[in-house]
$ cat entry.tsv   # TSV, C-alpha atoms
chain	number	residue	atom	x	y	z
A	1	MET	CA	-1.51	-31.68	-6.27
A	2	LYS	CA	-2.41	-28.24	-4.97
A	3	ASN	CA	-5.41	-26.30	-6.18
A	4	ASP	CA	-4.74	-23.13	-8.14
A	5	PRO	CA	-5.43	-19.86	-6.31
A	6	GLN	CA	-8.77	-18.23	-7.10
A	7	LEU	CA	-8.73	-14.85	-8.81
A	8	ASP	CA	-11.21	-13.44	-6.29
A	9	ASP	CA	-8.90	-14.46	-3.45
A	10	LEU	CA	-5.99	-12.72	-5.17
A	11	ARG	CA	-8.12	-9.59	-5.48
A	12	VAL	CA	-8.98	-9.73	-1.78
A	13	PHE	CA	-5.30	-10.16	-0.89
A	14	CYS	CA	-4.26	-7.20	-3.06
A	15	LEU	CA	-6.95	-5.03	-1.51
A	16	VAL	CA	-5.94	-5.92	2.05
A	17	THR	CA	-2.30	-5.25	1.16
A	18	ARG	CA	-3.12	-1.85	-0.36
A	19	ARG	CA	-5.31	-0.79	2.55
A	20	SER	CA	-3.18	-2.48	5.30
A	21	SER	CA	-6.44	-3.36	7.02
A	22	PHE	CA	-8.93	-6.23	7.02
A	23	VAL	CA	-11.69	-3.87	8.14
A	24	ALA	CA	-11.02	-1.28	5.40
A	25	ALA	CA	-10.86	-4.02	2.77
A	26	ALA	CA	-14.10	-5.54	4.05
A	27	GLU	CA	-15.86	-2.18	3.92
A	28	GLU	CA	-14.74	-1.66	0.32
A	29	LEU	CA	-15.93	-5.14	-0.66
A	30	GLY	CA	-19.21	-4.82	1.20
A	31	ALA	CA	-18.31	-7.93	3.19
A	32	SER	CA	-17.43	-8.80	6.77
A	33	PRO	CA	-13.86	-8.82	8.16
A	34	ALA	CA	-14.43	-12.52	8.94
A	35	PHE	CA	-15.09	-13.21	5.24
A	36	VAL	CA	-11.91	-11.36	4.24
A	37	SER	CA	-9.88	-13.25	6.84
A	38	LYS	CA	-11.32	-16.57	5.63
A	39	ARG	CA	-10.44	-15.88	1.98
A	40	LEU	CA	-6.88	-14.87	2.95
A	41	ARG	CA	-6.49	-18.02	5.01
A	42	ILE	CA	-7.66	-20.17	2.07
A	43	LEU	CA	-5.20	-18.38	-0.23
A	44	GLU	CA	-2.33	-18.97	2.22
A	45	GLU	CA	-3.26	-22.65	2.49
A	46	THR	CA	-3.48	-22.95	-1.31
A	47	LEU	CA	-0.06	-21.36	-1.83
A	48	GLY	CA	1.53	-22.93	1.24
A	49	VAL	CA	3.02	-19.64	2.51
A	50	LYS	CA	2.21	-17.00	5.09
A	51	LEU	CA	1.26	-13.78	3.30
A	52	LEU	CA	0.50	-11.37	6.12
A	53	HIS	CA	1.49	-10.69	9.71
A	54	ARG	CA	-1.71	-9.93	11.64
A	55	SER	CA	-2.02	-7.94	14.84
A	56	THR	CA	-4.88	-6.15	16.59
A	57	ARG	CA	-3.77	-2.80	15.14
A	58	ARG	CA	-2.25	-3.39	11.72
A	59	VAL	CA	-1.51	-5.81	8.92
A	60	ALA	CA	2.03	-6.15	7.55
A	61	ILE	CA	3.01	-8.07	4.44
A	62	THR	CA	5.60	-10.86	4.68
A	63	GLU	CA	8.51	-11.42	2.31
A	64	ASP	CA	6.56	-14.21	0.59
A	65	GLY	CA	3.55	-11.93	0.55
A	66	GLU	CA	5.52	-9.25	-1.32
A	67	ARG	CA	6.41	-11.79	-4.01
A	68	VAL	CA	2.81	-13.02	-4.30
A	69	TYR	CA	1.54	-9.42	-4.37
A	70	ARG	CA	3.75	-8.57	-7.37
A	71	TRP	CA	2.58	-11.67	-9.25
A	72	ALA	CA	-1.07	-11.12	-8.28
A	73	GLN	CA	-1.02	-7.56	-9.62
A	74	ARG	CA	0.34	-8.79	-12.96
A	75	ILE	CA	-2.12	-11.68	-13.17
A	76	LEU	CA	-5.14	-9.53	-12.32
A	77	ALA	CA	-4.03	-6.81	-14.73
A	78	ASP	CA	-3.71	-9.40	-17.52
A	79	VAL	CA	-7.19	-10.76	-16.75
A	80	ASP	CA	-8.64	-7.23	-16.77
A	81	HIS	CA	-6.94	-6.53	-20.11
A	82	LEU	CA	-8.33	-9.78	-21.51
A	83	VAL	CA	-11.86	-8.80	-20.48
A	84	ASP	CA	-11.31	-5.30	-21.86
A	85	GLU	CA	-10.17	-6.62	-25.25
A	86	VAL	CA	-13.18	-8.91	-25.57
A	87	SER	CA	-15.45	-6.11	-24.35
A	88	GLU	CA	-13.96	-3.68	-26.85
A	89	ILE	CA	-14.68	-6.04	-29.74
A	90	SER	CA	-18.30	-6.45	-28.63
A	91	GLN	CA	-18.67	-2.73	-27.82
A	92	ASN	CA	-20.05	-3.80	-24.47
A	93	PRO	CA	-17.62	-2.89	-21.67
A	94	ARG	CA	-17.98	-4.90	-18.51
A	95	GLY	CA	-16.43	-5.30	-15.08
A	96	LEU	CA	-15.73	-3.10	-12.10
A	97	ILE	CA	-14.62	0.51	-12.47
A	98	ARG	CA	-14.00	2.75	-9.46
A	99	ILE	CA	-14.79	6.43	-9.93
A	100	SER	CA	-14.37	9.28	-7.45
A	101	SER	CA	-15.15	12.98	-7.17
A	102	SER	CA	-15.67	15.73	-4.58
A	103	PHE	CA	-18.75	15.93	-2.35
A	104	GLY	CA	-20.75	18.70	-4.00
A	105	PHE	CA	-19.89	18.16	-7.66
A	106	GLY	CA	-20.08	14.41	-7.19
A	107	ARG	CA	-23.54	14.55	-5.70
A	108	HIS	CA	-25.10	17.09	-8.06
A	109	HIS	CA	-23.42	16.28	-11.37
A	110	VAL	CA	-21.32	13.09	-11.39
A	111	ALA	CA	-23.95	10.89	-9.73
A	112	PRO	CA	-26.68	11.80	-12.31
A	113	ALA	CA	-24.13	11.25	-15.08
A	114	LEU	CA	-23.32	7.79	-13.69
A	115	SER	CA	-27.03	6.94	-13.69
A	116	THR	CA	-27.04	7.59	-17.44
A	117	LEU	CA	-23.77	5.68	-17.90
A	118	ALA	CA	-25.11	2.65	-16.03
A	119	GLY	CA	-28.20	2.59	-18.23
A	120	ARG	CA	-26.07	2.75	-21.37
A	121	TYR	CA	-23.60	0.03	-20.29
A	122	PRO	CA	-25.47	-2.36	-17.97
A	123	GLN	CA	-22.54	-4.79	-17.66
A	124	LEU	CA	-20.33	-2.15	-16.03
A	125	GLU	CA	-20.10	-2.43	-12.27
A	126	ILE	CA	-19.61	1.15	-11.03
A	127	ARG	CA	-18.27	1.97	-7.58
A	128	PHE	CA	-18.56	5.70	-6.85
A	129	ASP	CA	-16.84	7.36	-3.87
A	130	VAL	CA	-16.77	11.03	-2.89
A	131	PHE	CA	-13.96	12.63	-0.88
A	132	ASP	CA	-13.31	16.02	0.69
A	133	LYS	CA	-9.63	15.87	-0.30
A	134	LEU	CA	-7.48	14.75	-3.19
A	135	VAL	CA	-6.77	11.04	-3.02
A	136	ASP	CA	-3.88	8.89	-4.17
A	137	LEU	CA	-5.61	7.15	-7.07
A	138	ALA	CA	-3.19	4.22	-7.26
A	139	ALA	CA	-3.16	3.63	-3.50
A	140	GLU	CA	-6.95	3.77	-3.25
A	141	GLY	CA	-7.49	1.68	-6.36
A	142	ILE	CA	-9.38	4.49	-8.13
A	143	ASP	CA	-9.60	4.17	-11.91
A	144	LEU	CA	-11.04	7.62	-12.67
A	145	ASP	CA	-11.38	10.86	-10.73
A	146	ILE	CA	-13.74	13.61	-11.94
A	147	ARG	CA	-11.96	16.65	-10.58
A	148	ILE	CA	-12.34	20.42	-10.46
A	149	GLY	CA	-9.15	22.48	-10.50
A	150	ASN	CA	-6.23	22.93	-12.84
A	151	GLU	CA	-3.39	21.72	-10.59
A	152	ILE	CA	-2.86	18.09	-11.56
A	153	ALA	CA	0.15	15.98	-10.52
A	154	PRO	CA	2.52	15.24	-13.44
A	155	GLN	CA	2.36	11.45	-12.99
A	156	LEU	CA	-1.39	11.49	-13.69
A	157	ILE	CA	-3.10	11.67	-17.06
A	158	ALA	CA	-5.92	14.17	-17.52
A	159	ARG	CA	-8.49	15.14	-20.13
A	160	LYS	CA	-10.42	18.41	-19.88
A	161	LEU	CA	-14.17	17.82	-19.81
A	162	ALA	CA	-15.56	21.36	-19.48
A	163	ALA	CA	-14.50	24.92	-18.70
A	164	ASN	CA	-15.29	26.28	-15.26
A	165	ARG	CA	-14.15	29.06	-12.94
A	166	ARG	CA	-14.71	30.09	-9.35
A	167	ILE	CA	-16.07	33.55	-8.63
A	168	LEU	CA	-16.73	35.74	-5.61
A	169	CYS	CA	-20.39	36.18	-4.70
A	170	ALA	CA	-22.71	37.01	-1.81
A	171	ALA	CA	-26.40	37.40	-1.05
A	172	PRO	CA	-28.07	40.82	-1.61
A	173	ALA	CA	-28.86	41.00	2.12
A	174	TYR	CA	-25.19	40.76	3.09
A	175	LEU	CA	-24.10	43.37	0.54
A	176	ALA	CA	-26.88	45.73	1.66
A	177	ARG	CA	-25.69	45.38	5.25
A	178	ARG	CA	-21.92	45.48	4.78
A	179	GLY	CA	-21.46	47.15	1.41
A	180	VAL	CA	-19.91	45.91	-1.83
A	181	PRO	CA	-16.11	45.51	-1.82
A	182	LYS	CA	-14.42	47.71	-4.42
A	183	SER	CA	-10.99	46.06	-4.35
A	184	LEU	CA	-9.42	42.74	-3.46
A	185	GLU	CA	-7.79	44.32	-0.41
A	186	GLU	CA	-11.21	45.19	1.02
A	187	LEU	CA	-12.05	41.50	1.36
A	188	ALA	CA	-9.86	41.45	4.48
A	189	SER	CA	-12.42	43.63	6.28
A	190	HIS	CA	-15.43	41.59	5.13
A	191	ASP	CA	-16.98	38.43	6.50
A	192	CYS	CA	-15.77	35.74	4.14
A	193	LEU	CA	-16.68	32.07	4.18
A	194	PRO	CA	-13.46	30.02	3.86
A	195	ILE	CA	-13.75	26.41	2.89
A	196	LYS	CA	-11.35	23.49	3.09
A	197	GLU	CA	-12.36	21.30	0.18
A	198	ARG	CA	-9.96	19.13	-1.77
A	199	ASP	CA	-7.49	21.46	-3.49
A	200	HIS	CA	-8.61	24.69	-1.81
A	201	PRO	CA	-5.92	26.20	0.48
A	202	PHE	CA	-7.89	27.11	3.59
A	203	GLY	CA	-8.51	30.85	3.97
A	204	LEU	CA	-6.16	31.75	1.13
A	205	TRP	CA	-7.82	32.76	-2.12
A	206	ARG	CA	-5.63	32.87	-5.24
A	207	LEU	CA	-7.33	34.84	-7.98
A	208	ALA	CA	-6.54	35.98	-11.49
A	209	GLY	CA	-7.26	39.66	-12.10
A	210	PRO	CA	-6.33	42.64	-14.25
A	211	ALA	CA	-2.82	42.73	-12.78
A	212	GLY	CA	-2.26	38.98	-13.01
A	213	ASP	CA	-2.46	36.44	-10.21
A	214	GLU	CA	-3.04	37.80	-6.70
A	215	THR	CA	-3.53	36.19	-3.32
A	216	VAL	CA	-5.68	37.45	-0.46
A	217	LYS	CA	-6.02	36.08	3.07
A	218	VAL	CA	-9.65	36.00	4.18
A	219	THR	CA	-11.35	35.36	7.49
A	220	GLY	CA	-14.86	35.26	8.87
A	221	PRO	CA	-16.94	33.97	11.77
A	222	LEU	CA	-18.05	30.90	9.80
A	223	SER	CA	-15.94	28.32	7.94
A	224	SER	CA	-16.36	24.68	6.95
A	225	ASN	CA	-14.84	21.77	5.04
A	226	HIS	CA	-18.05	21.29	3.07
A	227	GLY	CA	-18.98	23.43	0.07
A	228	GLU	CA	-22.74	22.95	0.35
A	229	ILE	CA	-22.71	24.25	3.93
A	230	VAL	CA	-20.82	27.39	2.88
A	231	HIS	CA	-23.26	27.79	0.01
A	232	GLN	CA	-26.19	27.74	2.44
A	233	TRP	CA	-24.51	30.30	4.70
A	234	ALA	CA	-23.89	32.62	1.77
A	235	LEU	CA	-27.53	32.41	0.68
A	236	ALA	CA	-28.52	33.24	4.26
A	237	GLY	CA	-26.47	36.45	4.10
A	238	HIS	CA	-23.52	35.48	6.28
A	239	GLY	CA	-20.70	36.54	3.95
A	240	ILE	CA	-18.79	36.33	0.68
A	241	MET	CA	-17.82	32.97	-0.79
A	242	LEU	CA	-15.61	31.72	-3.60
A	243	ARG	CA	-17.57	29.10	-5.52
A	244	SER	CA	-17.68	27.48	-8.93
A	245	LEU	CA	-20.05	28.66	-11.63
A	246	TRP	CA	-21.47	25.14	-11.88
A	247	ASP	CA	-22.65	25.58	-8.28
A	248	VAL	CA	-23.97	29.16	-8.27
A	249	GLY	CA	-24.94	29.88	-11.89
A	250	ARG	CA	-28.68	29.47	-11.39
A	251	GLU	CA	-28.77	31.60	-8.22
A	252	LEU	CA	-26.83	34.35	-9.99
A	253	GLU	CA	-29.48	34.31	-12.73
A	254	ASP	CA	-32.29	34.39	-10.14
A	255	GLY	CA	-30.70	37.24	-8.18
A	256	LYS	CA	-30.32	35.17	-5.00
A	257	LEU	CA	-26.57	35.74	-5.25
A	258	ILE	CA	-24.63	38.67	-6.70
A	259	GLN	CA	-21.13	38.46	-8.12
A	260	VAL	CA	-18.65	40.85	-6.50
A	261	LEU	CA	-15.30	41.97	-7.91
A	262	PRO	CA	-16.19	40.49	-11.34
A	263	ASP	CA	-12.70	41.23	-12.68
A	264	TYR	CA	-11.34	38.46	-10.42
A	265	ARG	CA	-11.74	34.75	-10.93
A	266	GLN	CA	-10.07	31.42	-10.22
A	267	GLU	CA	-9.76	29.07	-13.18
A	268	ALA	CA	-11.02	25.63	-12.11
A	269	ASP	CA	-11.89	23.49	-15.10
A	270	ILE	CA	-13.52	20.07	-14.88
A	271	TRP	CA	-11.17	17.17	-15.65
A	272	ALA	CA	-11.14	13.43	-15.97
A	273	VAL	CA	-7.98	12.28	-14.17
A	274	TYR	CA	-6.66	8.72	-14.31
A	275	PRO	CA	-3.42	6.85	-13.50
A	276	ALA	CA	-3.28	4.65	-16.64
A	277	ARG	CA	-3.52	5.37	-20.36
A	278	LEU	CA	-6.91	4.89	-22.00
A	279	SER	CA	-5.43	2.31	-24.36
A	280	SER	CA	-4.85	0.02	-21.36
A	281	SER	CA	-8.55	-0.29	-20.50
A	282	ALA	CA	-11.64	-0.32	-22.69
A	283	LYS	CA	-13.98	0.41	-19.80
A	284	LEU	CA	-11.89	3.39	-18.71
A	285	ARG	CA	-11.81	4.73	-22.25
A	286	VAL	CA	-15.58	4.35	-22.58
A	287	CYS	CA	-16.17	6.17	-19.29
A	288	VAL	CA	-13.86	9.08	-20.09
A	289	GLU	CA	-15.39	9.51	-23.54
A	290	PHE	CA	-18.86	9.39	-21.99
A	291	PHE	CA	-18.02	12.14	-19.46
A	292	GLU	CA	-16.40	14.21	-22.19
A	293	GLN	CA	-19.64	14.13	-24.16
A	294	TYR	CA	-21.89	14.52	-21.12
A	295	PHE	CA	-20.17	17.60	-19.68
A	296	GLY	CA	-19.42	19.03	-23.11
A	297	GLU	CA	-23.11	19.59	-23.82
A	298	GLY	CA	-23.20	23.08	-22.26
A	299	ARG	CA	-24.47	22.02	-18.84
A	300	PHE	CA	-22.78	24.92	-17.02
$ encode --input "entry.tsv" --output "C-alpha cells"
Amino acid sequence: MKNDPQLDDLRVFCLVTRRSSFVAAAEELGASPAFVSKRLRILEETLGVKLLHRSTRRVAITEDGERVYRWAQRILADVDHLVDEVSEISQNPRGLIRISSSFGFGRHHVAPALSTLAGRYPQLEIRFDVFDKLVDLAAEGIDLDIRIGNEIAPQLIARKLAANRRILCAAPAYLARRGVPKSLEELASHDCLPIKERDHPFGLWRLAGPAGDETVKVTGPLSSNHGEIVHQWALAGHGIMLRSLWDVGRELEDGKLIQVLPDYRQEADIWAVYPARLSSSAKLRVCVEFFEQYFGEGRF
C-alpha cells in the first residue's frame, strides 16, 4: 500500500510549477535546489508518476503533472480554508501570508506596519517582498499587495486604505538657479527627474489640473528606476520630481522642498489589492482590516 503524499511536498510541487524553476522555488522557500529536487522525487515516487520534465534551462510539467497540480491546488486550498475557519473561531489567525509592496513605500511604511501586525498576531507567518514593478499576484503566489495608484486591474479586488496624491516639487537651490515654472508647458525646458517605478510611465507625467487631465513629456540629465534615488537628487538641487505626499510631506513642511505648479496633482491613493475575496481567508481579512486601521489613522 502506497503512502499518502505529504502536504508540504504538494506545496513544493505547486511552487516549482508556478515558478517553472527549481532555483526560484528554492529561493522562495529559503532552501537549497537539492532539497526541492529531493522532495519532488519523493512525491513522484509516492504517486508513481513523473510530474516534471527537467532540463538544465527549464522545468516543464507533464500531462500527469497537470492533473496532480489541479488536485494539489484544491487540496491545499481546502486545508488553508480549514485552518482559516478554526483560526477565525479562536480569533487567532495563523499560517503563511505573502504580502508585497513597492520599494520606497514598502520600506518606510509597510515594513513598520508589519512589525506591529506580527506582534499582534504571533502565529501569522509573514513573507514580505518588494518589487519595482506591478506583479501578477496569482502567478507569484502573493496574497496581498499594498499598492499606490488608482489604476487597478478589474480581475483584482481592492480596498482603499488612505488618500494620497503625487505633486511636483524641487529644492529651493534648484528653483533659485533655474526659476519656478509658471505653466505645465514650461516643464519641458526644466531639468526633471523621471522615474520608472511600478505603474509610472517613464518620462510621461499625467496630471489633473484646472482644465482636467493633461500629459507632459519630461526629460533631464538624471533618471532612475528607484524613487529614493530620485528623492535624493531632488534634495540635492538637481531638478523637479513627481512624488507622493507620503514621501515628501515632512520636507515640504521643513522647507527642504517646495511644491511647484500646486494646481496640478496626480491622484495616487493607497490600496490593499488581493486576488481572492476576504471571506475566503481569515488571515487575509485580518491583514486587510489591520492595514485599513493602520493607514487610516492620519499618518500622511
$ closest_residue --input "entry.tsv" --among "A:Leu52, A:Ile142, A:Leu134, A:Ala60" --to "Ile97 of chain A" --atoms "all atoms listed in the file"
A:Ile142
$ residues_around --input "entry.tsv" --residues "Leu222 of chain A" --least-positions-apart "5" --cutoff "12 Å" --atoms "all atoms listed in the file" --output "list in words"
His190, Asp191, Cys192, Leu193, Pro194, Ile195, Gly203, Ile229, Val230, His231, Gln232, Trp233, Ala234, Gly237, His238, Gly239, Ile240 and Met241 of chain A
$ residues_around --input "entry.tsv" --residues "segment 25-33 of chain A" --least-positions-apart "3" --cutoff "6 Å" --atoms "all atoms listed in the file" --output "list in words"
Leu15, Val16, Phe22 and Val36 of chain A
$ write_last_selection --input "entry.tsv" --atoms "C-alpha atoms" --output "mmCIF file, in the frame of the given file"
data_model
loop_
_atom_site.group_PDB
_atom_site.id
_atom_site.type_symbol
_atom_site.label_atom_id
_atom_site.label_comp_id
_atom_site.auth_asym_id
_atom_site.auth_seq_id
_atom_site.Cartn_x
_atom_site.Cartn_y
_atom_site.Cartn_z
ATOM 1 C CA LEU A 15 -6.950 -5.030 -1.510
ATOM 2 C CA VAL A 16 -5.940 -5.920 2.050
ATOM 3 C CA PHE A 22 -8.930 -6.230 7.020
ATOM 4 C CA VAL A 36 -11.910 -11.360 4.240
#
$ closest_residue --input "entry.tsv" --among "A:Leu10, A:Ala170, A:Leu261, A:Val59" --to "Ala24 of chain A" --atoms "only C-alpha atoms"
A:Val59
$ residues_around --input "entry.tsv" --residues "Pro154 of chain A" --least-positions-apart "2" --cutoff "12 Å" --atoms "all atoms listed in the file" --output "number ranges by chain"
A: 150-152, 156-158, 273-275
$ closest_residue --input "entry.tsv" --among "A:Asp80, A:Asp145, A:Asp9, A:Glu44" --to "Ser102 of chain A" --atoms "only C-alpha atoms"
A:Asp145
$ atom_distance --input "entry.tsv" --atom1 "atom CA of Ile148 of chain A" --atom2 "atom CA of Leu207 of chain A"
15.5 Å
